[in-house]
Amino acid sequence: MPPASPSSFPPAAQDASRGKKLQLLGILCGFAAGAWLGAAEAPTKLVSIGISPMVISLIMVIGVFLARWSLPALILGTSSVRADVRRAPHLVIWALLAGCLWAVANTLTIYAIRDIGLSIAFPLWNSNSLLGILWGFLFFNELRQAGWRRRAGVLGGALVMCVGATLLAIASSGHGPEAHSLHGVWAALGAGILWGTMYIPYRKAYLTGMNPLSFVTFFSFGELGMMSVLSVSSLGLAPLWHELLSARGVIFWLMLGGFVWVIGDIFQQYAAKYVGISRGIPLSNSNQLWGLLWGILVFSELHGRSSSTYLEVIGGSLLMMLGVGAIAFSSATGQEQSRWKAAAIRESDRYDVAADFVEARMDGRQLSGEQKPSRSALDWFLVIAATSIFVIFAAMARVPQISLHWGPAALLTAVLILFLIICGLALWRTTRFN
Amino acid sequence: MKATEPGLNTRSKWASILTDIHFWVPVAVLMGGLLLLRFIR
C-alpha cells in the first residue's frame, strides 16, 4: 500500500503533491535509465572475436529474455503479471508489437553502422526521441496545455541533445564512415522511426494501468521471437547453431550486457509511465554519454586522439547535459496531467478496463482491496533457473585479454549501484513498484 | 469512467483493437521496417 497522505490536506492539494512526487520519480528513473542503458555496452566491449553481429544481437536478446522473466518474478511475482493481463488483456498485443519493433530496429542499426559508421548512424537513429514527442502529443495528450516554456524546454532540450549526440558520435567513432551508402542512411533513419514508434505501445500500456514489469515480460516474447526469425532467415539454422557453439566462450559477457540493459530498460519504462514518452525518452537517451564515459575511462578508447576529439567530447557532453537539464526542469503541470487523465479515460472506455484500476495505477498505487502481490514457487523457479543459466555460461566464459582500468570501472559501477538503490527505494516507497 | 470489471466479449474487444489507430501505426511502421531490412540485405 502507498504511504498515507496527510489527511489535513484537501484532496486537490494531495493530488497536486502526489503528481509532483511522481514527476520527480519519473525524472529520476530517466536519469537511472540513461546510466544503466549506457553501461550495458561495457560487457559487449569485452567481446573481440569475429562473430556475426546478428549472433551478438541474438545472444544479448537471450540474456534480455532471461532477465525480463526473472526480475519481475523476483520483484513482484508472476501473480501480479497474471492479474495485470486479466484486467487489460488487449495490451499483450501491444507488448508483442513493441518487442518486434525493437528487434527490427536493433538489426537495422547493425547494417547502419556497417554502411555509414557510428558517427553518422547514431544521430540519425537518436531522432527517435523527436518522433516519440510527436506521438505523445498526437495520441496521448502530452504537452497539451503545457505552456510555451515547457514545450520549448522539452523540444529544445531534445534538439540540443541530438546535436550533443552528434558531436559525441563523431568523437567516439574510431574512423570515418566505412562506405558512404544510401542504404546505411535509410537503415539508421528506419531504426529511429521504429524505436520512436515503439513508444506508442509503451505509453498506451501505462495509461491503461499496466505495470511496467508486466509489460516487459510480454515484450520479451516479441523481441526474442522476431530476433530468432531474423537470425535464422539471415544465416540459416545450421550456420547459426554453429556460430552459437563457437561463441560459447563469450556468451556470458553478451548475456550480461543484456541483463544490465534490462535494468536500464525497466527504469526507462517507469520514466515513460510517470513523465510520459515526450520527457522520459530524451532523458534515457543520455545513455550515449554514459557509454562514452565507460569507453574513455575504462577502455581507453580515445587514448592518443587529437585535442579536437577531446573538445568534441566535452562540447557534446555539455550539450547533452544542457538538454537533459532543460527537459528535467519542464515537468508536466497539473493542467497537462489532467489531459493525460483524459487520454486514460478514453482508453479505459474503449477497452472496458475498470476505471478505478486505471486511476489507481496512474497514481502509482494499488487498488483498494486489491490482493498484494506475492511470490510463488514458480517465481523462485524462474529466478533460480535464470541464475543457473548465467552461472553455467559464466563457468564457460573466457577471461578477456584486454587491458582495463579497474579504478574507473569500480567508480562507474558504484555510481550504477547508487542509482539502482536510490531509484529502487524511491520507486518502492512511492509506488511499491506499481 | 465506468467503475466496472472488464466485460466486453472477445469479438468486440478485437473490433476495438482493429479499429484503433494506436494499433495500425506501429503495425505499418513494423511492416515498413521489415521491407526496408529486406531491401538492404
# chains A, B, ... in the order shown; residues from 1 in each chain; ligands from 1

$ select_by_dssp --residues "segment 172-265 of chain A" --states "alpha helix (DSSP H)" --output "MDAnalysis selection string"
chainID A and resid 172 182:207 212:235 237:246 251:265

$ residues_around --residues "Pro26 of chain B" --least-positions-apart "3" --cutoff "12 Å" --atoms "only C-alpha atoms" --output "VMD selection string"
(chain A and resid 93 to 102 135 193 to 202 204) or (chain B and resid 20 to 23 29 to 33)

$ atom_distance --atom1 "atom CA of Ile266 of chain A" --atom2 "atom CA of Gly334 of chain A"
25.7 Å

$ closest_residue --among "A:Leu224, A:Ile314, A:Ile62, A:Ala343" --to "chain B" --atoms "only C-alpha atoms"
A:Ala343

$ interface_residues --of "chain A" --to "chain B" --cutoff "7 Å" --atoms "only C-alpha atoms" --output "ChimeraX atom specification"
/A:87,101,104,108,183,190,194,197-198,200,345,349-356

$ residues_around --residues "Ile281 of chain A" --least-positions-apart "2" --cutoff "8 Å" --atoms "only C-alpha atoms" --output "list in words"
Gly30, Ser129, Gly132, Gln268, Ala271, Ala272, Ile277, Ser278, Arg279, Leu283, Ser284 and Asn285 of chain A

$ residues_around --residues "Glu41 of chain A" --least-positions-apart "4" --cutoff "10 Å" --atoms "only C-alpha atoms" --output "PyMOL selection string"
chain A and resi 36-37+45-46+254+256-258+260-261+287-288+290-292+294-295

$ residues_around --residues "Pro408 of chain A" --least-positions-apart "2" --cutoff "9 Å" --atoms "only C-alpha atoms" --output "list in words"
Trp294, Leu297, Val298, His405, Trp406, Ala410, Leu411, Leu412 and Thr413 of chain A

$ residues_around --residues "Asn141 of chain A" --least-positions-apart "4" --cutoff "6 Å" --atoms "only C-alpha atoms" --output "number ranges by chain"
A: 137, 339-340

$ write_last_selection --atoms "C-alpha atoms" --output "compact mmCIF listing (two decimals), in the first residue's frame"
# COMPACT_ATOMS: atom_id res chain seq x y z
CA PHE A 137 1.46 14.92 -28.45
CA ARG A 339 -5.10 15.96 -20.23
CA TRP A 340 -3.17 12.72 -19.62

$ atom_distance --atom1 "atom CA of Leu318 of chain A" --atom2 "atom CA of Pro282 of chain A"
15.1 Å

$ atom_distance --atom1 "atom CA of Asn434 of chain A" --atom2 "atom CA of Asn126 of chain A"
29.2 Å

$ residues_around --residues "segment 122-125 of chain A" --least-positions-apart "6" --cutoff "9 Å" --atoms "only C-alpha atoms" --output "list in words"
Thr109, Ala112, Ile113, Cys162, Val163, Gly164, Ala165, Thr166, Leu167, Ala169, Val185, Ala187, Ala188, Leu189, Gly190, Ala191, Gly192, Ile193, Trp195 and Gly196 of chain A

$ write_last_selection --atoms "C-alpha atoms" --output "PDB file, in the first residue's frame"
ATOM      1  CA  THR A 109      21.356  -0.353 -36.583  1.00  0.00           C
ATOM      2  CA  ALA A 112      23.643   1.261 -40.475  1.00  0.00           C
ATOM      3  CA  ILE A 113      26.916   1.083 -38.517  1.00  0.00           C
ATOM      4  CA  CYS A 162      20.563  15.430 -30.725  1.00  0.00           C
ATOM      5  CA  VAL A 163      23.310  17.966 -31.511  1.00  0.00           C
ATOM      6  CA  GLY A 164      25.307  16.795 -28.470  1.00  0.00           C
ATOM      7  CA  ALA A 165      24.806  13.176 -29.534  1.00  0.00           C
ATOM      8  CA  THR A 166      26.143  14.033 -32.991  1.00  0.00           C
ATOM      9  CA  LEU A 167      29.324  15.511 -31.516  1.00  0.00           C
ATOM     10  CA  ALA A 169      29.221  10.069 -32.013  1.00  0.00           C
ATOM     11  CA  VAL A 185      21.276   6.208 -44.052  1.00  0.00           C
ATOM     12  CA  ALA A 187      18.750   1.820 -42.122  1.00  0.00           C
ATOM     13  CA  ALA A 188      19.610   4.404 -39.439  1.00  0.00           C
ATOM     14  CA  LEU A 189      16.536   6.525 -40.180  1.00  0.00           C
ATOM     15  CA  GLY A 190      14.395   3.387 -40.225  1.00  0.00           C
ATOM     16  CA  ALA A 191      15.756   2.342 -36.810  1.00  0.00           C
ATOM     17  CA  GLY A 192      14.907   5.803 -35.426  1.00  0.00           C
ATOM     18  CA  ILE A 193      11.348   5.602 -36.791  1.00  0.00           C
ATOM     19  CA  TRP A 195      12.203   2.965 -31.974  1.00  0.00           C
ATOM     20  CA  GLY A 196      10.268   6.243 -31.887  1.00  0.00           C
TER      21      GLY A 196
END
